[in-house]
Amino acid sequence: MRIEQLEYIVSVAKTQSFSKTAQDLHVSQPAISQSILRLEGELGISIFERSSSGVTPTTEGKVIIQNATDILSKLVELKHNANTFKTSQQKELKIGLVSGLHLPFLPGILSELKNEFPHQRVSFSEMSSVDILDSTINNKLDIGILAIYDKTFKHQNIVNFQNFYEIKFFIFVDRLSPLASLETLTPNDLKNYTFVMYNAEFMNWFFERFCNLFGPFDVLFTTNNIETIRETVRKGLAITIETEAELLNNPFVKTGEMIPIPLRINIPDKSHLGLVKVKNKSISIETNTFINALGAKFNEMFKVNV
């Protein structure tokens, strides 16, 4: 009994045709027929009933075909596990991290990873989400943590995306602002206010879309210095829009000097923070461990399903 014989009978059961199976597997029809006949002779049963109208499994054949399907599935699992073990000695795990995203729990995850895999090195590269996607596809990164939205949600024939959480937006104001007492805000509530905005790919995309749909809005300045933005808002000179992640990192929110208020908007095609990796690329045990720990932490912190 040979593995290709099992592949042949599973395929014939699906196509109900020796000739169609021969085309699909790029093997001659006589070779398919003879191989299955030899298997039937070895097993001492008929797997298929042949007629002018086609090929159908016998009662006994259905059981054998299911057995063959299970065996081939296990073979795929075997190969996957072998590749995983083969790549488990990966010397360096290269991770792309979207610029400006601070994850306070990341050092703890890396410490646990180091304890389990003492020889594993990890490097992070901060860049835009689009650059993370391109670098992952070009094998410059093993995985990337990025904003998944219309500029990055592409190349699905090449990569897999895993959503960690839906990105929600908040308006950050100083504690003395007239807006500070409101539970939620709409774009109409913000018409008479001046913004200061974080200058990065994803926020630029969002704010441009926000202004096109609900604006225009006055902008004091843009910068990629988050501390400058926080200080400007804290002093009541402007307000800003930021993502839910800023709730974890902003020291003035913790002291009560800045107030985050949920922004209530209706924009189609929701965006997410998530992970990207190349399809069909073997992932090491270390990488899987990191991904699972990261997903669990996001699930814990944002109370969403990963």
# chains A, B, ... in the order shown; residues from 1 in each chain; ligands from 1
$ select_by_dssp --residues "region 256-301 of chain A" --states "helix (DSSP H, G or I)" --output "ChimeraX atom specification"
/A:285-301
$ write_last_selection --atoms "C-alpha atoms" --output "compact mmCIF listing (two decimals), in the first residue's frame"
# COMPACT_ATOMS: atom_id res chain seq x y z
CA ILE A 285 7.20 26.82 18.58
CA GLU A 286 8.70 29.99 20.04
CA THR A 287 6.74 32.20 17.64
CA ASN A 288 3.49 30.35 18.33
CA THR A 289 4.09 30.71 22.06
CA PHE A 290 4.58 34.47 21.67
CA ILE A 291 1.48 34.86 19.47
CA ASN A 292 -0.72 32.90 21.89
CA ALA A 293 0.54 34.86 24.91
CA LEU A 294 -0.03 38.16 23.11
CA GLY A 295 -3.56 37.21 22.07
CA ALA A 296 -4.42 36.07 25.60
CA LYS A 297 -3.16 39.37 27.06
CA PHE A 298 -5.22 41.46 24.63
CA ASN A 299 -8.24 39.30 25.40
CA GLU A 300 -7.70 39.89 29.11
CA MET A 301 -7.14 43.65 28.84
$ residues_around --residues "Ile143 (chain A)" --least-positions-apart "4" --cutoff "12 Å" --atoms "only C-alpha atoms" --output "PyMOL selection string"
chain A and resi 92-98+122-125+129+132-139+159-162+274-279+281-284+287-288+290-291
$ write_last_selection --atoms "N, CA and C atoms" --output "mmCIF file, in the first residue's frame"
data_model
loop_
_atom_site.group_PDB
_atom_site.id
_atom_site.type_symbol
_atom_site.label_atom_id
_atom_site.label_comp_id
_atom_site.auth_asym_id
_atom_site.auth_seq_id
_atom_site.Cartn_x
_atom_site.Cartn_y
_atom_site.Cartn_z
ATOM 1 N N GLU A 92 16.608 34.048 15.846
ATOM 2 C CA GLU A 92 16.072 35.366 16.154
ATOM 3 C C GLU A 92 14.652 35.490 15.640
ATOM 4 N N LEU A 93 13.762 35.930 16.499
ATOM 5 C CA LEU A 93 12.379 36.188 16.132
ATOM 6 C C LEU A 93 12.253 37.673 15.820
ATOM 7 N N LYS A 94 11.958 37.994 14.566
ATOM 8 C CA LYS A 94 11.885 39.385 14.121
ATOM 9 C C LYS A 94 10.420 39.809 14.039
ATOM 10 N N ILE A 95 10.088 40.819 14.832
ATOM 11 C CA ILE A 95 8.704 41.261 14.967
ATOM 12 C C ILE A 95 8.589 42.729 14.570
ATOM 13 N N GLY A 96 7.626 43.037 13.728
ATOM 14 C CA GLY A 96 7.318 44.419 13.393
ATOM 15 C C GLY A 96 6.250 44.954 14.331
ATOM 16 N N LEU A 97 6.432 46.157 14.808
ATOM 17 C CA LEU A 97 5.487 46.775 15.742
ATOM 18 C C LEU A 97 5.115 48.147 15.205
ATOM 19 N N VAL A 98 3.819 48.399 15.072
ATOM 20 C CA VAL A 98 3.380 49.660 14.495
ATOM 21 C C VAL A 98 3.878 50.821 15.356
ATOM 22 N N VAL A 122 14.945 38.030 20.409
ATOM 23 C CA VAL A 122 13.797 38.726 19.842
ATOM 24 C C VAL A 122 14.208 40.145 19.483
ATOM 25 N N SER A 123 13.843 40.587 18.299
ATOM 26 C CA SER A 123 14.101 41.970 17.901
ATOM 27 C C SER A 123 12.804 42.601 17.404
ATOM 28 N N PHE A 124 12.601 43.867 17.776
ATOM 29 C CA PHE A 124 11.437 44.625 17.346
ATOM 30 C C PHE A 124 11.866 45.744 16.408
ATOM 31 N N SER A 125 11.079 45.965 15.382
ATOM 32 C CA SER A 125 11.295 47.088 14.472
ATOM 33 C C SER A 125 10.007 47.899 14.412
ATOM 34 N N SER A 129 2.219 50.551 9.530
ATOM 35 C CA SER A 129 1.523 49.282 9.287
ATOM 36 C C SER A 129 1.747 48.786 7.863
ATOM 37 N N ILE A 132 5.141 47.300 7.684
ATOM 38 C CA ILE A 132 5.149 46.001 8.368
ATOM 39 C C ILE A 132 4.610 44.921 7.442
ATOM 40 N N LEU A 133 3.515 45.218 6.763
ATOM 41 C CA LEU A 133 2.933 44.244 5.832
ATOM 42 C C LEU A 133 3.930 43.886 4.742
ATOM 43 N N ASP A 134 4.547 44.887 4.123
ATOM 44 C CA ASP A 134 5.502 44.638 3.050
ATOM 45 C C ASP A 134 6.721 43.861 3.550
ATOM 46 N N SER A 135 7.218 44.204 4.733
ATOM 47 C CA SER A 135 8.405 43.539 5.265
ATOM 48 C C SER A 135 8.113 42.090 5.640
ATOM 49 N N THR A 136 6.892 41.823 6.093
ATOM 50 C CA THR A 136 6.510 40.440 6.407
ATOM 51 C C THR A 136 6.426 39.608 5.131
ATOM 52 N N ILE A 137 5.823 40.164 4.102
ATOM 53 C CA ILE A 137 5.709 39.457 2.826
ATOM 54 C C ILE A 137 7.091 39.167 2.245
ATOM 55 N N ASN A 138 8.041 40.098 2.427
ATOM 56 C CA ASN A 138 9.390 39.954 1.879
ATOM 57 C C ASN A 138 10.356 39.237 2.835
ATOM 58 N N ASN A 139 9.780 38.609 3.890
ATOM 59 C CA ASN A 139 10.556 37.790 4.838
ATOM 60 C C ASN A 139 11.611 38.584 5.602
ATOM 61 N N VAL A 159 -0.939 36.417 2.811
ATOM 62 C CA VAL A 159 -0.791 36.521 4.264
ATOM 63 C C VAL A 159 -2.099 36.170 4.980
ATOM 64 N N ASN A 160 -1.956 35.845 6.258
ATOM 65 C CA ASN A 160 -3.087 35.664 7.155
ATOM 66 C C ASN A 160 -3.096 36.801 8.167
ATOM 67 N N PHE A 161 -4.297 37.318 8.444
ATOM 68 C CA PHE A 161 -4.456 38.320 9.493
ATOM 69 C C PHE A 161 -5.176 37.688 10.683
ATOM 70 N N GLN A 162 -4.760 38.071 11.864
ATOM 71 C CA GLN A 162 -5.426 37.649 13.100
ATOM 72 C C GLN A 162 -5.785 38.897 13.888
ATOM 73 N N GLY A 274 -4.035 43.956 15.002
ATOM 74 C CA GLY A 274 -3.899 42.518 14.844
ATOM 75 C C GLY A 274 -2.511 42.111 14.416
ATOM 76 N N LEU A 275 -2.428 40.887 13.972
ATOM 77 C CA LEU A 275 -1.145 40.277 13.627
ATOM 78 C C LEU A 275 -1.182 39.799 12.181
ATOM 79 N N VAL A 276 -0.045 39.902 11.503
ATOM 80 C CA VAL A 276 0.070 39.409 10.135
ATOM 81 C C VAL A 276 1.231 38.433 10.051
ATOM 82 N N LYS A 277 1.031 37.361 9.290
ATOM 83 C CA LYS A 277 2.095 36.397 9.017
ATOM 84 C C LYS A 277 1.856 35.812 7.639
ATOM 85 N N VAL A 278 2.913 35.313 7.030
ATOM 86 C CA VAL A 278 2.818 34.778 5.670
ATOM 87 C C VAL A 278 2.131 33.411 5.707
ATOM 88 N N LYS A 279 1.212 33.194 4.766
ATOM 89 C CA LYS A 279 0.541 31.899 4.663
ATOM 90 C C LYS A 279 1.535 30.790 4.322
ATOM 91 N N LYS A 281 3.842 29.494 5.727
ATOM 92 C CA LYS A 281 5.208 29.588 6.216
ATOM 93 C C LYS A 281 5.281 28.906 7.569
ATOM 94 N N SER A 282 6.242 28.008 7.734
ATOM 95 C CA SER A 282 6.369 27.288 8.995
ATOM 96 C C SER A 282 6.665 28.268 10.126
ATOM 97 N N ILE A 283 5.896 28.127 11.199
ATOM 98 C CA ILE A 283 6.053 28.987 12.367
ATOM 99 C C ILE A 283 6.667 28.166 13.494
ATOM 100 N N SER A 284 7.694 28.702 14.106
ATOM 101 C CA SER A 284 8.385 27.970 15.164
ATOM 102 C C SER A 284 7.525 27.887 16.420
ATOM 103 N N THR A 287 7.616 31.175 18.213
ATOM 104 C CA THR A 287 6.744 32.199 17.638
ATOM 105 C C THR A 287 5.290 31.950 18.019
ATOM 106 N N ASN A 288 4.867 30.689 17.938
ATOM 107 C CA ASN A 288 3.494 30.352 18.333
ATOM 108 C C ASN A 288 3.240 30.678 19.794
ATOM 109 N N PHE A 290 4.693 33.009 21.561
ATOM 110 C CA PHE A 290 4.581 34.465 21.674
ATOM 111 C C PHE A 290 3.218 34.937 21.192
ATOM 112 N N ILE A 291 2.768 34.435 20.035
ATOM 113 C CA ILE A 291 1.480 34.860 19.475
ATOM 114 C C ILE A 291 0.333 34.526 20.433
#
$ atom_distance --atom1 "CA of Ala82 (chain A)" --atom2 "CA of Ile64 (chain A)"
26.7 Å
$ select_by_dssp --residues "region 128-227 of chain A" --states "strand (DSSP E or B)" --output "ChimeraX atom specification"
/A:143-148,159-166,169-174,185,194-198,218-223
$ write_last_selection --atoms "N, CA and C atoms" --output "compact mmCIF listing (two decimals), in the first residue's frame"
# COMPACT_ATOMS: atom_id res chain seq x y z
N ILE A 143 6.74 38.06 11.90
CA ILE A 143 5.34 38.44 12.14
C ILE A 143 5.29 39.95 12.34
N GLY A 144 4.10 40.52 12.26
CA GLY A 144 3.95 41.95 12.49
C GLY A 144 2.70 42.24 13.30
N ILE A 145 2.78 43.22 14.18
CA ILE A 145 1.62 43.71 14.92
C ILE A 145 1.29 45.07 14.32
N LEU A 146 0.10 45.20 13.74
CA LEU A 146 -0.20 46.36 12.92
C LEU A 146 -1.67 46.72 12.97
N ALA A 147 -1.99 47.88 12.41
CA ALA A 147 -3.38 48.27 12.22
C ALA A 147 -3.89 47.61 10.94
N ILE A 148 -5.00 46.90 11.06
CA ILE A 148 -5.60 46.23 9.91
C ILE A 148 -6.78 47.09 9.44
N VAL A 159 -0.94 36.42 2.81
CA VAL A 159 -0.79 36.52 4.26
C VAL A 159 -2.10 36.17 4.98
N ASN A 160 -1.96 35.85 6.26
CA ASN A 160 -3.09 35.66 7.16
C ASN A 160 -3.10 36.80 8.17
N PHE A 161 -4.30 37.32 8.44
CA PHE A 161 -4.46 38.32 9.49
C PHE A 161 -5.18 37.69 10.68
N GLN A 162 -4.76 38.07 11.86
CA GLN A 162 -5.43 37.65 13.10
C GLN A 162 -5.79 38.90 13.89
N ASN A 163 -7.09 39.16 14.06
CA ASN A 163 -7.52 40.34 14.79
C ASN A 163 -7.36 40.13 16.29
N PHE A 164 -6.78 41.12 16.97
CA PHE A 164 -6.71 41.10 18.42
C PHE A 164 -7.90 41.86 19.03
N TYR A 165 -8.17 43.05 18.51
CA TYR A 165 -9.34 43.79 19.01
C TYR A 165 -9.71 44.87 18.00
N GLU A 166 -10.98 45.24 18.02
CA GLU A 166 -11.46 46.34 17.18
C GLU A 166 -10.93 47.66 17.74
N PHE A 169 -12.10 54.65 19.14
CA PHE A 169 -11.50 55.97 19.23
C PHE A 169 -12.09 56.78 20.39
N PHE A 170 -11.21 57.57 20.99
CA PHE A 170 -11.60 58.40 22.12
C PHE A 170 -11.14 59.84 21.87
N ILE A 171 -11.91 60.78 22.38
CA ILE A 171 -11.50 62.18 22.41
C ILE A 171 -10.86 62.44 23.77
N PHE A 172 -9.65 62.98 23.77
CA PHE A 172 -8.95 63.32 25.00
C PHE A 172 -9.00 64.83 25.20
N VAL A 173 -9.51 65.23 26.37
CA VAL A 173 -9.66 66.65 26.68
C VAL A 173 -9.06 66.92 28.07
N ASP A 174 -8.81 68.19 28.38
CA ASP A 174 -8.34 68.51 29.72
C ASP A 174 -9.50 68.46 30.69
N LEU A 185 -19.17 61.41 22.85
CA LEU A 185 -19.12 62.58 21.98
C LEU A 185 -19.42 62.17 20.55
N THR A 194 -10.39 72.90 18.59
CA THR A 194 -9.15 72.77 17.83
C THR A 194 -8.46 71.47 18.20
N PHE A 195 -7.94 70.78 17.19
CA PHE A 195 -7.31 69.49 17.39
C PHE A 195 -5.79 69.60 17.32
N VAL A 196 -5.12 68.72 18.04
CA VAL A 196 -3.71 68.42 17.81
C VAL A 196 -3.67 66.91 17.55
N MET A 197 -2.95 66.50 16.50
CA MET A 197 -3.06 65.12 16.07
C MET A 197 -1.70 64.44 15.96
N TYR A 198 -1.71 63.15 16.27
CA TYR A 198 -0.51 62.33 16.13
C TYR A 198 -0.26 62.08 14.64
N ASP A 218 -10.63 72.34 12.81
CA ASP A 218 -9.42 73.15 12.95
C ASP A 218 -8.31 72.32 13.59
N VAL A 219 -7.10 72.41 13.04
CA VAL A 219 -5.95 71.67 13.57
C VAL A 219 -4.86 72.65 13.97
N LEU A 220 -4.46 72.59 15.23
CA LEU A 220 -3.39 73.46 15.72
C LEU A 220 -2.05 73.04 15.13
N PHE A 221 -1.72 71.75 15.24
CA PHE A 221 -0.53 71.19 14.60
C PHE A 221 -0.59 69.67 14.68
N THR A 222 0.27 69.02 13.90
CA THR A 222 0.44 67.57 13.98
C THR A 222 1.89 67.29 14.36
N THR A 223 2.12 66.18 15.04
CA THR A 223 3.46 65.81 15.45
C THR A 223 3.50 64.32 15.74
$ closest_residue --among "A:Lys140, A:Lys14, A:Arg264, A:His119" --to "Thr184 (chain A)" --atoms "only C-alpha atoms"
A:Arg264
$ residues_around --residues "region 29-39 of chain A" --least-positions-apart "4" --cutoff "8 Å" --atoms "only C-alpha atoms" --output "PyMOL selection string"
chain A and resi 1+5+8-9+18-19+21-22+43
$ closest_residue --among "A:Leu75, A:Val63, A:Ile158, A:Leu213" --to "Ile265 (chain A)" --atoms "only C-alpha atoms"
A:Leu213
$ residues_around --residues "Glu201 (chain A)" --least-positions-apart "5" --cutoff "9 Å" --atoms "only C-alpha atoms" --output "list of chain:residue names"
A:Ser99, A:Ser128, A:Ser129, A:Val130, A:Phe206
$ closest_residue --among "A:Lys235, A:Arg50, A:Lys270, A:Lys74" --to "Ser17 (chain A)" --atoms "only C-alpha atoms"
A:Arg50
$ atom_distance --atom1 "CA of Asp142 (chain A)" --atom2 "CA of Trp205 (chain A)"
25.8 Å
$ closest_residue --among "A:Ser51, A:Gln66, A:Asn225, A:Thr232" --to "Glu257 (chain A)" --atoms "only C-alpha atoms"
A:Thr232
